[in-house]
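Asker: One file: my_file02.json (JSON, C-alpha atoms).
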```json
[["chain", "number", "residue", "atom", "x", "y", "z"],
["A", 1, "MET", "CA", 70.10, -27.36, -78.70],
["A", 2, "LEU", "CA", 73.22, -25.74, -77.32],
["A", 3, "THR", "CA", 75.95, -27.09, -75.13],
["A", 4, "VAL", "CA", 78.76, -25.87, -72.94],
["A", 5, "SER", "CA", 82.26, -27.36, -73.13],
["A", 6, "LEU", "CA", 84.02, -27.82, -69.84],
["A", 7, "HIS", "CA", 87.37, -29.25, -70.86],
["A", 8, "LYS", "CA", 90.42, -27.96, -72.68],
["A", 9, "PRO", "CA", 90.19, -25.83, -74.57],
["A", 10, "GLU", "CA", 87.63, -24.25, -72.24],
["A", 11, "PHE", "CA", 85.12, -22.61, -74.51],
["A", 12, "LEU", "CA", 81.52, -21.52, -74.42],
["A", 13, "SER", "CA", 79.14, -23.26, -76.77],
["A", 14, "PHE", "CA", 75.93, -21.33, -76.14],
["A", 15, "SER", "CA", 73.13, -22.90, -75.22],
["A", 16, "HIS", "CA", 84.15, -25.12, -48.82],
["A", 17, "TYR", "CA", 83.29, -23.68, -47.48],
["A", 18, "GLY", "CA", 80.85, -25.49, -45.19],
["A", 19, "PHE", "CA", 78.30, -23.22, -43.61],
["A", 20, "ARG", "CA", 78.14, -24.83, -40.21],
["A", 21, "ASP", "CA", 80.04, -21.99, -38.58],
["A", 22, "LEU", "CA", 79.65, -18.51, -40.03],
["A", 23, "HIS", "CA", 82.67, -17.31, -38.05],
["A", 24, "LYS", "CA", 84.89, -19.59, -40.12],
["A", 25, "PHE", "CA", 83.96, -17.69, -43.26],
["A", 26, "SER", "CA", 86.78, -15.56, -44.60],
["A", 27, "ARG", "CA", 85.93, -12.10, -45.82],
["A", 28, "ILE", "CA", 86.73, -11.41, -49.45],
["A", 29, "PRO", "CA", 88.77, -8.18, -49.40],
["A", 30, "SER", "CA", 87.05, -5.50, -51.39],
["A", 31, "SER", "CA", 86.14, -1.87, -51.21],
["A", 32, "TRP", "CA", 83.46, -1.65, -53.83],
["A", 33, "THR", "CA", 79.93, -2.80, -54.46],
["A", 34, "ILE", "CA", 78.28, -2.93, -57.87],
["A", 35, "ALA", "CA", 74.59, -2.04, -57.86],
["A", 36, "MET", "CA", 73.47, -1.27, -61.38],
["A", 37, "SER", "CA", 70.33, -1.44, -63.44],
["A", 38, "ASN", "CA", 69.50, -4.27, -65.83],
["A", 39, "TYR", "CA", 72.11, -4.44, -68.58],
["A", 40, "SER", "CA", 70.05, -6.59, -70.91],
["A", 41, "GLY", "CA", 69.09, -4.03, -73.55],
["A", 42, "SER", "CA", 65.88, -4.09, -75.56],
["A", 43, "SER", "CA", 63.27, -6.80, -75.12],
["A", 44, "GLU", "CA", 63.81, -8.01, -78.69],
["A", 45, "THR", "CA", 67.57, -8.30, -78.23],
["A", 46, "ARG", "CA", 67.12, -9.97, -74.86],
["A", 47, "LYS", "CA", 64.71, -12.52, -76.33],
["A", 48, "LYS", "CA", 67.15, -13.50, -79.07],
["A", 49, "GLU", "CA", 70.00, -13.67, -76.59],
["A", 50, "GLU", "CA", 68.25, -15.83, -74.00],
["A", 51, "LEU", "CA", 66.85, -18.19, -76.62],
["A", 52, "SER", "CA", 70.43, -19.13, -77.32],
["A", 53, "ILE", "CA", 71.18, -20.29, -73.78],
["A", 54, "GLN", "CA", 68.28, -22.53, -72.88],
["A", 55, "VAL", "CA", 69.31, -25.06, -70.26],
["A", 56, "PRO", "CA", 66.97, -27.51, -68.48],
["A", 57, "ALA", "CA", 65.88, -26.72, -64.95],
["A", 58, "THR", "CA", 67.75, -28.47, -62.18],
["A", 59, "SER", "CA", 66.09, -31.81, -61.50],
["A", 60, "ILE", "CA", 68.41, -34.01, -59.45],
["A", 61, "SER", "CA", 67.05, -35.11, -56.08],
["A", 62, "SER", "CA", 68.77, -34.26, -52.81],
["A", 63, "SER", "CA", 69.19, -37.93, -51.92],
["A", 64, "GLU", "CA", 71.02, -38.62, -55.19],
["A", 65, "THR", "CA", 73.17, -35.56, -54.70],
["A", 66, "GLN", "CA", 74.21, -36.58, -51.20],
["A", 67, "ARG", "CA", 75.07, -40.08, -52.36],
["A", 68, "LEU", "CA", 77.15, -38.83, -55.28],
["A", 69, "ALA", "CA", 79.03, -35.89, -53.84],
["A", 70, "GLY", "CA", 79.33, -36.55, -50.14],
["A", 71, "SER", "CA", 77.22, -36.76, -47.03],
["A", 72, "ASP", "CA", 77.98, -33.13, -46.09],
["A", 73, "LEU", "CA", 75.91, -31.77, -48.96],
["A", 74, "ARG", "CA", 72.36, -30.88, -47.94],
["A", 75, "PHE", "CA", 69.95, -29.55, -50.50],
["A", 76, "ASP", "CA", 67.19, -28.97, -48.04],
["A", 77, "ARG", "CA", 69.45, -26.15, -46.85],
["A", 78, "LEU", "CA", 67.84, -22.79, -47.42],
["A", 79, "GLN", "CA", 69.46, -20.16, -49.59],
["A", 80, "VAL", "CA", 72.15, -18.30, -47.69],
["A", 81, "PRO", "CA", 71.04, -14.79, -46.63],
["A", 82, "GLU", "CA", 73.19, -12.20, -48.39],
["A", 83, "LYS", "CA", 73.88, -10.37, -45.12],
["A", 84, "GLU", "CA", 75.62, -13.47, -43.75],
["A", 85, "LEU", "CA", 78.01, -13.88, -46.68],
["A", 86, "MET", "CA", 80.28, -11.01, -45.60],
["A", 87, "HIS", "CA", 81.48, -9.94, -49.02],
["A", 88, "ASP", "CA", 80.98, -6.83, -51.08],
["A", 89, "ARG", "CA", 81.66, -7.98, -54.61],
["A", 90, "LYS", "CA", 78.25, -8.50, -56.09],
["A", 91, "PHE", "CA", 76.13, -7.18, -58.91],
["A", 92, "GLU", "CA", 72.41, -6.65, -58.45],
["A", 93, "PHE", "CA", 69.86, -6.31, -61.20],
["A", 94, "GLY", "CA", 66.13, -6.93, -61.18],
["A", 95, "GLN", "CA", 65.32, -9.92, -58.99],
["A", 96, "PHE", "CA", 68.82, -11.39, -59.18],
["A", 97, "VAL", "CA", 72.27, -11.03, -57.63],
["A", 98, "ALA", "CA", 75.55, -12.12, -59.24],
["A", 99, "ARG", "CA", 78.34, -13.06, -56.85],
["A", 100, "GLU", "CA", 80.98, -15.69, -56.17],
["A", 101, "ALA", "CA", 79.81, -19.10, -54.95],
["A", 102, "VAL", "CA", 80.88, -19.69, -51.34],
["A", 103, "ILE", "CA", 79.40, -22.97, -50.09],
["A", 104, "ASP", "CA", 79.56, -26.51, -51.42],
["A", 105, "GLU", "CA", 75.84, -26.65, -52.24],
["A", 106, "GLU", "CA", 76.30, -23.67, -54.57],
["A", 107, "TYR", "CA", 79.30, -25.32, -56.24],
["A", 108, "TRP", "CA", 77.30, -28.49, -56.74],
["A", 109, "THR", "CA", 74.30, -26.66, -58.22],
["A", 110, "ALA", "CA", 76.61, -24.84, -60.64],
["A", 111, "ALA", "CA", 78.14, -28.19, -61.61],
["A", 112, "TRP", "CA", 74.70, -29.71, -62.16],
["A", 113, "LEU", "CA", 73.60, -26.83, -64.41],
["A", 114, "ARG", "CA", 76.71, -27.46, -66.51],
["A", 115, "ALA", "CA", 76.00, -31.18, -66.65],
["A", 116, "GLU", "CA", 72.45, -30.61, -67.87],
["A", 117, "SER", "CA", 73.71, -28.16, -70.47],
["A", 118, "HIS", "CA", 76.43, -30.52, -71.68],
["A", 119, "TRP", "CA", 73.99, -33.42, -72.13],
["A", 120, "GLU", "CA", 71.12, -31.32, -73.46],
["A", 121, "GLY", "CA", 69.16, -32.96, -76.27],
["A", 122, "ARG", "CA", 71.13, -36.22, -76.32],
["A", 123, "ASN", "CA", 69.06, -39.36, -76.79],
["A", 124, "ASP", "CA", 70.88, -41.83, -74.60],
["A", 125, "ARG", "CA", 69.20, -44.33, -72.29],
["A", 126, "TYR", "CA", 71.94, -43.69, -69.73],
["A", 127, "VAL", "CA", 71.86, -39.91, -70.00],
["A", 128, "ASP", "CA", 70.86, -39.43, -66.34],
["A", 129, "ASN", "CA", 73.82, -41.50, -65.19],
["A", 130, "HIS", "CA", 76.10, -39.50, -67.50],
["A", 131, "LYS", "CA", 74.78, -36.24, -66.04],
["A", 132, "ARG", "CA", 75.37, -37.34, -62.47],
["A", 133, "LYS", "CA", 78.90, -38.50, -63.20],
["A", 134, "PHE", "CA", 79.65, -35.32, -65.14],
["A", 135, "ALA", "CA", 78.27, -33.14, -62.32],
["A", 136, "GLU", "CA", 80.27, -34.95, -59.66],
["A", 137, "GLN", "CA", 83.50, -34.57, -61.64],
["A", 138, "GLU", "CA", 82.78, -30.91, -62.35],
["A", 139, "PHE", "CA", 81.95, -30.25, -58.68],
["A", 140, "HIS", "CA", 85.40, -31.44, -57.61],
["A", 141, "ALA", "CA", 87.02, -29.65, -60.58],
["A", 142, "ILE", "CA", 85.45, -26.33, -59.55],
["A", 143, "LYS", "CA", 86.89, -26.67, -56.06],
["A", 144, "ARG", "CA", 90.32, -27.56, -57.42],
["A", 145, "ARG", "CA", 90.31, -24.60, -59.80],
["A", 146, "ARG", "CA", 89.68, -22.24, -56.89],
["A", 147, "THR", "CA", 93.19, -22.93, -55.62],
["A", 148, "SER", "CA", 95.70, -20.36, -56.83],
["A", 149, "LEU", "CA", 98.54, -21.86, -58.85],
["A", 150, "HIS", "CA", 101.31, -19.72, -60.36],
["A", 151, "GLY", "CA", 99.09, -16.66, -60.17],
["A", 152, "GLN", "CA", 96.14, -18.37, -61.88],
["A", 153, "LYS", "CA", 93.02, -17.90, -59.80],
["A", 154, "CYS", "CA", 89.52, -19.09, -60.67],
["A", 155, "ARG", "CA", 86.18, -17.93, -59.31],
["A", 156, "CYS", "CA", 82.90, -19.75, -59.75],
["A", 157, "ILE", "CA", 80.40, -16.96, -60.37],
["A", 158, "ILE", "CA", 76.72, -17.67, -59.79],
["A", 159, "MET", "CA", 73.52, -15.75, -60.34],
["A", 160, "VAL", "CA", 71.01, -16.24, -57.52],
["A", 161, "ARG", "CA", 67.48, -15.09, -56.97],
["A", 162, "LYS", "CA", 67.15, -12.24, -54.49],
["A", 163, "GLU", "CA", 65.87, -13.01, -51.02],
["A", 164, "ASP", "CA", 62.13, -12.78, -50.47],
["A", 165, "LYS", "CA", 60.92, -12.67, -46.88],
["A", 166, "HIS", "CA", 57.71, -14.38, -47.97],
["A", 167, "VAL", "CA", 59.45, -17.26, -49.78],
["A", 168, "LYS", "CA", 61.80, -19.87, -48.33],
["A", 169, "ARG", "CA", 64.02, -21.03, -51.18],
["A", 170, "THR", "CA", 66.63, -23.80, -51.19],
["A", 171, "VAL", "CA", 70.10, -23.38, -52.67],
["A", 172, "LEU", "CA", 69.09, -25.77, -55.44],
["A", 173, "LYS", "CA", 66.25, -23.47, -56.51],
["A", 174, "GLY", "CA", 68.12, -20.24, -55.85],
["A", 175, "VAL", "CA", 71.04, -20.60, -58.28],
["A", 176, "VAL", "CA", 69.93, -19.81, -61.84],
["A", 177, "GLY", "CA", 73.18, -19.26, -63.72],
["A", 178, "THR", "CA", 76.93, -19.79, -63.53],
["A", 179, "LEU", "CA", 80.26, -19.10, -65.18],
["A", 180, "ASP", "CA", 83.95, -19.50, -64.38],
["A", 181, "LEU", "CA", 86.22, -16.46, -64.27],
["A", 182, "SER", "CA", 89.96, -17.11, -64.15],
["A", 183, "VAL", "CA", 92.87, -14.74, -63.73],
["A", 184, "ARG", "CA", 95.69, -16.24, -65.78],
["A", 185, "CYS", "CA", 99.13, -15.29, -67.01],
["A", 186, "LEU", "CA", 100.65, -15.53, -70.46],
["A", 187, "LEU", "CA", 103.47, -18.01, -70.84],
["A", 188, "HIS", "CA", 106.87, -16.88, -72.03],
["A", 189, "GLY", "CA", 106.60, -15.72, -75.64],
["A", 190, "GLU", "CA", 102.79, -15.74, -75.85],
["A", 191, "THR", "CA", 100.91, -12.73, -77.18],
["A", 192, "PHE", "CA", 97.50, -14.37, -76.63],
["A", 193, "PRO", "CA", 96.33, -17.39, -74.56],
["A", 194, "GLY", "CA", 97.28, -20.74, -76.04],
["A", 195, "GLU", "CA", 99.55, -19.31, -78.73],
["A", 196, "ARG", "CA", 101.90, -21.94, -80.12],
["A", 197, "VAL", "CA", 105.33, -20.48, -79.66],
["A", 198, "LYS", "CA", 108.83, -21.88, -79.40],
["A", 199, "ALA", "CA", 109.48, -21.50, -75.71],
["A", 200, "PRO", "CA", 112.50, -22.57, -73.65],
["A", 201, "LEU", "CA", 112.37, -25.97, -71.99],
["A", 202, "PHE", "CA", 111.83, -24.26, -68.64],
["A", 203, "CYS", "CA", 109.52, -21.40, -69.56],
["A", 204, "SER", "CA", 108.37, -18.82, -67.07],
["A", 205, "ILE", "CA", 104.92, -17.52, -66.21],
["A", 206, "HIS", "CA", 104.57, -13.78, -66.00],
["A", 207, "GLY", "CA", 102.42, -13.13, -62.92],
["A", 208, "THR", "CA", 102.17, -9.36, -62.97],
["A", 209, "GLY", "CA", 101.53, -6.40, -65.24],
["A", 210, "PRO", "CA", 100.09, -6.63, -68.75],
["A", 211, "ASN", "CA", 100.73, -10.39, -68.95],
["A", 212, "ARG", "CA", 97.74, -11.13, -66.72],
["A", 213, "TYR", "CA", 94.35, -11.62, -68.34],
["A", 214, "GLY", "CA", 90.82, -12.70, -67.46],
["A", 215, "TYR", "CA", 89.31, -15.84, -68.95],
["A", 216, "VAL", "CA", 85.58, -16.64, -69.05],
["A", 217, "ALA", "CA", 84.28, -20.20, -69.44],
["A", 218, "ASN", "CA", 81.32, -22.48, -68.74],
["A", 219, "LEU", "CA", 78.56, -19.88, -69.02],
["A", 220, "CYS", "CA", 75.11, -21.42, -68.69],
["A", 221, "VAL", "CA", 71.66, -20.39, -67.47],
["A", 222, "ALA", "CA", 68.81, -22.47, -66.02],
["A", 223, "LYS", "CA", 65.81, -22.95, -68.27],
["A", 224, "SER", "CA", 63.55, -21.42, -65.63],
["A", 225, "ALA", "CA", 65.52, -18.16, -65.76],
["A", 226, "ARG", "CA", 66.00, -17.61, -69.50],
["A", 227, "ARG", "CA", 64.88, -14.43, -71.29],
["A", 228, "GLN", "CA", 65.68, -12.29, -68.28],
["A", 229, "GLY", "CA", 69.15, -10.99, -69.15],
["A", 230, "ILE", "CA", 70.99, -13.47, -66.91],
["A", 231, "ALA", "CA", 73.81, -14.26, -69.35],
["A", 232, "THR", "CA", 74.44, -10.62, -70.25],
["A", 233, "ASN", "CA", 74.54, -9.47, -66.64],
["A", 234, "MET", "CA", 76.77, -12.31, -65.42],
["A", 235, "LEU", "CA", 79.19, -11.49, -68.21],
["A", 236, "HIS", "CA", 79.04, -7.79, -67.36],
["A", 237, "PHE", "CA", 79.83, -8.62, -63.72],
["A", 238, "ALA", "CA", 82.77, -10.80, -64.79],
["A", 239, "ILE", "CA", 84.23, -7.98, -66.86],
["A", 240, "GLU", "CA", 83.87, -5.57, -63.94],
["A", 241, "LEU", "CA", 85.76, -8.03, -61.72],
["A", 242, "VAL", "CA", 88.53, -8.19, -64.31],
["A", 243, "LYS", "CA", 88.77, -4.38, -64.26],
["A", 244, "SER", "CA", 88.85, -4.28, -60.46],
["A", 245, "ASN", "CA", 91.96, -6.47, -60.51],
["A", 246, "GLY", "CA", 93.80, -4.02, -62.76],
["A", 247, "ILE", "CA", 93.63, -6.38, -65.73],
["A", 248, "GLU", "CA", 93.14, -4.96, -69.20],
["A", 249, "HIS", "CA", 91.85, -7.90, -71.26],
["A", 250, "ALA", "CA", 89.37, -10.75, -70.95],
["A", 251, "TYR", "CA", 89.22, -13.76, -73.29],
["A", 252, "VAL", "CA", 86.72, -16.47, -74.13],
["A", 253, "HIS", "CA", 86.57, -19.37, -76.60],
["A", 254, "VAL", "CA", 83.40, -19.90, -78.63],
["A", 255, "HIS", "CA", 82.48, -22.52, -81.23],
["A", 256, "ARG", "CA", 82.65, -21.28, -84.82],
["A", 257, "ASN", "CA", 79.13, -22.48, -85.60],
["A", 258, "ASN", "CA", 77.65, -20.83, -82.52],
["A", 259, "THR", "CA", 76.45, -17.56, -84.00],
["A", 260, "PRO", "CA", 74.14, -16.59, -81.09],
["A", 261, "ALA", "CA", 77.02, -16.84, -78.62],
["A", 262, "GLN", "CA", 79.28, -14.82, -80.88],
["A", 263, "LYS", "CA", 76.62, -12.10, -81.10],
["A", 264, "LEU", "CA", 76.30, -11.92, -77.33],
["A", 265, "TYR", "CA", 80.03, -11.53, -76.87],
["A", 266, "GLU", "CA", 80.24, -8.96, -79.66],
["A", 267, "LYS", "CA", 77.49, -7.03, -77.90],
["A", 268, "MET", "CA", 79.64, -7.01, -74.76],
["A", 269, "GLY", "CA", 82.67, -5.70, -76.66],
["A", 270, "PHE", "CA", 84.51, -8.93, -77.52],
["A", 271, "GLU", "CA", 86.30, -9.23, -80.86],
["A", 272, "ILE", "CA", 87.82, -12.21, -82.65],
["A", 273, "VAL", "CA", 91.59, -12.56, -82.20],
["A", 274, "GLU", "CA", 92.50, -13.09, -85.84],
["A", 275, "ALA", "CA", 96.03, -14.22, -85.02],
["A", 276, "ALA", "CA", 94.60, -17.18, -83.08],
["A", 277, "SER", "CA", 92.13, -18.33, -85.75],
["A", 278, "SER", "CA", 94.59, -20.38, -87.80],
["A", 279, "GLN", "CA", 95.68, -22.27, -84.68],
["A", 280, "LEU", "CA", 92.11, -23.15, -83.69],
["A", 281, "VAL", "CA", 90.87, -24.66, -86.95],
["A", 282, "GLU", "CA", 90.99, -28.21, -85.64],
["A", 283, "GLU", "CA", 89.11, -27.26, -82.45],
["A", 284, "GLN", "CA", 86.51, -25.35, -84.52],
["A", 285, "THR", "CA", 86.59, -22.44, -82.10],
["A", 286, "TYR", "CA", 87.35, -18.74, -82.11],
["A", 287, "LEU", "CA", 89.26, -16.88, -79.43],
["A", 288, "LEU", "CA", 87.56, -13.61, -78.55],
["A", 289, "CYS", "CA", 89.05, -10.72, -76.59],
["A", 290, "CYS", "CA", 87.52, -7.76, -74.78],
["A", 291, "LYS", "CA", 89.39, -4.72, -73.51],
["A", 292, "ALA", "CA", 88.17, -4.30, -69.94]]
```
Take the structure from the file and write it as structure tokens.
Answerer:
Amino acid sequence: MLTVSLHKPEFLSFSHYGFRDLHKFSRIPSSWTIAMSNYSGSSETRKKEELSIQVPATSISSSETQRLAGSDLRFDRLQVPEKELMHDRKFEFGQFVAREAVIDEEYWTAAWLRAESHWEGRNDRYVDNHKRKFAEQEFHAIKRRRTSLHGQKCRCIIMVRKEDKHVKRTVLKGVVGTLDLSVRCLLHGETFPGERVKAPLFCSIHGTGPNRYGYVANLCVAKSARRQGIATNMLHFAIELVKSNGIEHAYVHVHRNNTPAQKLYEKMGFEIVEAASSQLVEEQTYLLCCKA
């Protein structure tokens, strides 16, 4: 099966707001809404693509989740109505909506999907304990990454099922996919992310202009939602967000043996950065770039 790496280097290997007071929600400044048709291509292509990202359905109980991640988390909480989120940056297709996660329960569900993906197919008697620990660490990591540092901002993007007035759905069942999208800056002397260059002892970070880039990581999809174009459309939404920020390039790391993932990214316009290949031999990854 296929896994997703969550640590440096962040690469894809295929496979708080509390909500007690809506008035405390901050509006995400935006002047555009994306509402486009399914971007998943032919049924044959979609089938091949989604077969490469199978991830088990979320299975952790709400009691375990509360114990692990804090008493404020409630997974009996119903999915947040879109009209109450007060943001415009979203991408609708079919029965799903891609947007930024905004409440802790959504961050936790994204973290749990990543934990299940990371431990997929491993025969270990303690695998459930490993998943819970992994998810808890990733939950806190997601929230830390959201904090802007030296111009590097990170969004946790989720794909959720659309509201249905006849169905009451919890957050845990509503989130079906996730990825991280960062806005980063090249270090002094770099021509691509992670390039090994001889930099001054106190190197600078270029926070504006062509030195900014988008970085995609931790893409995974719930087993219950595979073969529906989730991965393709989340990635398409991420690229559109990169464009909206006036950024020209997006990057992603992918394992060299992960041909299905490479094909998906190639389909979306990503190409291997040849100059980075020799530096990534030990990590067994490729760096791919897409012009937004």
Asker: Write out as a short mmCIF file (atom, residue, chain, number, x, y, z; two decimals) with C-alpha atoms, keeping the file's coordinate frame which residues come within 9 Å of Val183 (chain A) when counting all atoms listed in the file, dropping same-chain ones fewer than 4 positions away.
Answerer:
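Output contents, as saved in out_18.cif:
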```cif
data_model
loop_
_atom_site.label_atom_id
_atom_site.label_comp_id
_atom_site.auth_asym_id
_atom_site.auth_seq_id
_atom_site.Cartn_x
_atom_site.Cartn_y
_atom_site.Cartn_z
CA GLY A 151 99.09 -16.66 -60.17
CA GLN A 152 96.14 -18.37 -61.88
CA LYS A 153 93.02 -17.90 -59.80
CA CYS A 154 89.52 -19.09 -60.67
CA ARG A 155 86.18 -17.93 -59.31
CA ARG A 212 97.74 -11.13 -66.72
CA TYR A 213 94.35 -11.62 -68.34
CA GLY A 214 90.82 -12.70 -67.46
CA TYR A 215 89.31 -15.84 -68.95
CA VAL A 242 88.53 -8.19 -64.31
CA ASN A 245 91.96 -6.47 -60.51
CA ILE A 247 93.63 -6.38 -65.73
CA ALA A 250 89.37 -10.75 -70.95
#
```
Asker: For a quick check of understanding, using only C-alpha atoms, which of A:Arg125, A:Arg227, A:Arg89, A:Arg99 has the smallest distance to Ile158 (chain A)?
Answerer: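 That would be A:Arg99, the residue with the smallest distance to Ile158 (chain A).
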Asker: Just give me the gap between CA of Arg74 (chain A) and CA of Gln95 (chain A) in Å, one decimal is fine.
Answerer: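 Separation between CA of Arg74 (chain A) and CA of Gln95 (chain A): 24.7 Å.
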Asker: Quick one: pull the distance between CA of Val281 (chain A) and CA of His188 (chain A), Å, one decimal.
Answerer: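 Result for CA of Val281 (chain A) versus CA of His188 (chain A): 23.2 Å, one decimal.
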Asker: Do you have the CA of Val171 (chain A)-CA of Asp76 (chain A) distance handy?
Answerer: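 Value for the CA of Val171 (chain A)-CA of Asp76 (chain A) distance: 7.8 Å.
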Asker: Between A:His130, A:Gly189, A:Ala98, A:Arg196, which residue has the minimum interatomic distance to Leu235 (chain A), considering only C-alpha atoms?
Answerer: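 Looking at the shortest contact to Leu235 (chain A), the residue is A:Ala98.
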Asker: Counting only C-alpha atoms, give me one row per residue of region 219-265 of chain A with an atom at most 8 Å from an atom of region 107-117 of chain A, showing the shortest contact pair and its distance in Å to one decimal, sorted by chain then residue number, as CSV.
Answerer:
```
residue,atom,partner,partner_atom,distance
A:Cys220,CA,A:Arg114,CA,6.6
A:Val221,CA,A:Leu113,CA,7.4
A:Ala222,CA,A:Leu113,CA,6.7
```
Asker: Considering only C-alpha atoms, return as a CSV table (one decimal) with C-alpha atoms, keeping the file's coordinate frame whatever protein or nucleic-acid residues lie within 12 Å of Glu282 (chain A), sequence-local ones (same chain, fewer than 3 positions apart) excluded.
Answerer:
```
chain,number,residue,atom,x,y,z
A,9,PRO,CA,90.2,-25.8,-74.6
A,255,HIS,CA,82.5,-22.5,-81.2
A,256,ARG,CA,82.6,-21.3,-84.8
A,276,ALA,CA,94.6,-17.2,-83.1
A,277,SER,CA,92.1,-18.3,-85.8
A,278,SER,CA,94.6,-20.4,-87.8
A,279,GLN,CA,95.7,-22.3,-84.7
A,285,THR,CA,86.6,-22.4,-82.1
A,286,TYR,CA,87.4,-18.7,-82.1
```
Asker: Please list as a short mmCIF file (atom, residue, chain, number, x, y, z; two decimals) with C-alpha atoms, in the coordinates of the input every residue within 9 Å of Glu271 (chain A), counting only C-alpha atoms and excluding residues in the same chain fewer than 5 positions away.
Answerer:
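Listed below is the output, out-v7.cif:
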```
data_model
loop_
_atom_site.label_atom_id
_atom_site.label_comp_id
_atom_site.auth_asym_id
_atom_site.auth_seq_id
_atom_site.Cartn_x
_atom_site.Cartn_y
_atom_site.Cartn_z
CA GLN A 262 79.28 -14.82 -80.88
CA TYR A 265 80.03 -11.53 -76.87
CA GLU A 266 80.24 -8.96 -79.66
CA LEU A 287 89.26 -16.88 -79.43
CA LEU A 288 87.56 -13.61 -78.55
CA CYS A 289 89.05 -10.72 -76.59
CA CYS A 290 87.52 -7.76 -74.78
#
```
Asker: Measuring atom to atom with all atoms listed in the file, identify which of A:Gly174, A:Leu85, A:Cys156, A:Ile272 is nearest to Phe139 (chain A).
Answerer: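 Result for the nearest residue to Phe139 (chain A): A:Cys156.
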Asker: With only C-alpha atoms as the basis for distance, which of A:Val127, A:His140, A:Glu120, A:Gly177 is at the shortest distance from Gln228 (chain A)?
Answerer: A:Gly177
